[in-house]
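Beneath this line is the structure, given in structure tokens, with notes to follow.
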Amino acid sequence: MELTHIDTAKARVITVSENRIDAAIAISFKDRMRELTEGGPDRILVDMAQVDFIDSSGLGAIVAAMKQVGPDKSFELANLSSTVQKVFKLTRMDTVFTIHANVDTALGGGLANAG
Amino acid sequence: MPAEALCFMGHAKDLHQSALTPQKNEMKLVFPADPVAVRGALKASMSGLTNLNLTIDERGVIEIVLAEVLNNVVEHAYAHHTSGVIELRVKRGADRLHFTVLDDGVPLPDDGLPETPSHSLAGPVDDLPEGGFGWFLIKELTQDLNYVRSDIRNRLDFTIALADTRVS
């Protein structure tokens, strides 16, 4: 399960370096997300650009990751592929998550100033 | 593992069966019931359909449905089995693809397709559902969904309508 992160002034951007979040890696995704969302900035943005596909286990793991983060932090997604968007839309999870077209728009160009 | 299941595994080596071509309107894949093998089977299935003029949306629908159906078999039908075999058949029709999934695991509860009550997403984040999406997605994205339990075997049939079923 390949997740990397970079902290900007106001947000932790977590990049999912996997093509799929599916039943085979749902549990390790959730565990790794817990490690990466403890501490750090209060705003978490998950960059899904490399994720072509999620199944319902993957969706469940993303929901679980948001729950782990708790109400004091914000948990947002960016760069959903068309198939990933379809799963969010059909399950109406697109109404629950804050979803951004890309990381730059989410941060208002903030990533360029990171680190 | 029953002898019949081992016999299926033999067919899996027949790569000519695992793609739709202008000469071949059916394909069949046989694979072990575990999450990593399901990943491989999904990849093989989508690759077997590359000769069809599918839209990106149609490919997405097919892959989502197959993932949910096959994961269900691994997680439920074979939940208490140390090993199991899944057979997937795909047949090209005039305006749709016909899918059949066979396994020798336990039957669906009450021998039928589960109800899919709609979850409320309006409450606090802590109350959001983390599961139960699988059958909902299958029902939303397929037509002619039919489940039959016969003897020791589960059989799930469904179709997915396509704009264009020509093979090139």
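Chain labels follow the order of the structure tokens: the first chain is A, the next B, and so on; residue numbering restarts at 1 in every chain, and ligands are counted from 1 in their shown order.
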(request) Output the contact residues of chain A with respect to chain B at a cut-off of 9 Å, based on only C-alpha atoms, as a PyMOL selection string. (result) chain A and resi 22-25+53-57+59-64+66-68+70-71+82-84+86-87+90-93+95-96
(request) Tell me, as a PyMOL selection string, which residues lie within 12 Å of Ser18 of chain B, counting only C-alpha atoms; anything in the same chain fewer than 6 positions away does not count. (result) chain B and resi 11-12+24-31+41-51+87-91
(message) Please return, as a list in words, all residues of chain A that DSSP assigns to strand (DSSP E) on the basis of the backbone.
(response) Leu3, Thr4, His5, Ile6, Asp7, Ala11, Arg12, Val13, Ile14, Thr15, Val16, Arg20, Ile21, Arg43, Ile44, Leu45, Val46, Asp47, Phe53, Ile54, Ser74, Phe75, Glu76, Leu77, Ala78, Thr98, Ile99 and His100 of chain A
Would you write out those residues with C-alpha atoms, as a PDB file, in the first residue's frame?
```pdb
ATOM      1  CA  LEU A   3       0.720   6.354   0.310  1.00  0.00           C
ATOM      2  CA  THR A   4       2.968   9.397   0.487  1.00  0.00           C
ATOM      3  CA  HIS A   5       2.355  12.794   2.036  1.00  0.00           C
ATOM      4  CA  ILE A   6       3.522  16.353   1.936  1.00  0.00           C
ATOM      5  CA  ASP A   7       2.520  19.113   4.343  1.00  0.00           C
ATOM      6  CA  ALA A  11      -3.018  21.007   4.739  1.00  0.00           C
ATOM      7  CA  ARG A  12      -1.545  17.532   4.574  1.00  0.00           C
ATOM      8  CA  VAL A  13      -1.752  16.231   1.020  1.00  0.00           C
ATOM      9  CA  ILE A  14      -1.773  12.433   0.880  1.00  0.00           C
ATOM     10  CA  THR A  15      -1.065  10.909  -2.514  1.00  0.00           C
ATOM     11  CA  VAL A  16      -2.377   7.431  -3.235  1.00  0.00           C
ATOM     12  CA  ARG A  20      -6.748   0.478  -7.376  1.00  0.00           C
ATOM     13  CA  ILE A  21      -8.268   0.670  -3.923  1.00  0.00           C
ATOM     14  CA  ARG A  43      -6.945  19.726   6.788  1.00  0.00           C
ATOM     15  CA  ILE A  44      -6.333  16.492   4.924  1.00  0.00           C
ATOM     16  CA  LEU A  45      -6.529  16.286   1.171  1.00  0.00           C
ATOM     17  CA  VAL A  46      -6.263  12.893  -0.527  1.00  0.00           C
ATOM     18  CA  ASP A  47      -4.971  13.047  -4.092  1.00  0.00           C
ATOM     19  CA  PHE A  53     -10.662   2.020  -9.914  1.00  0.00           C
ATOM     20  CA  ILE A  54     -12.307   1.461  -6.550  1.00  0.00           C
ATOM     21  CA  SER A  74     -11.399  18.108   7.491  1.00  0.00           C
ATOM     22  CA  PHE A  75     -10.973  15.151   5.122  1.00  0.00           C
ATOM     23  CA  GLU A  76     -11.234  15.961   1.425  1.00  0.00           C
ATOM     24  CA  LEU A  77     -10.630  14.206  -1.889  1.00  0.00           C
ATOM     25  CA  ALA A  78      -9.210  15.415  -5.188  1.00  0.00           C
ATOM     26  CA  THR A  98     -15.801  17.374  -0.267  1.00  0.00           C
ATOM     27  CA  ILE A  99     -14.435  16.531  -3.712  1.00  0.00           C
ATOM     28  CA  HIS A 100     -12.075  18.813  -5.629  1.00  0.00           C
TER      29      HIS A 100
END
```
(message) Please report the interatomic distance between atom CA of Met48 of chain A and atom CA of Ile62 of chain B in Å with one decimal.
(response) 21.0 Å
(message) Quick check, in Å to one decimal: how far apart do atom CA of Arg155 of chain B and atom CA of Phe88 of chain A lie?
(response) 28.3 Å
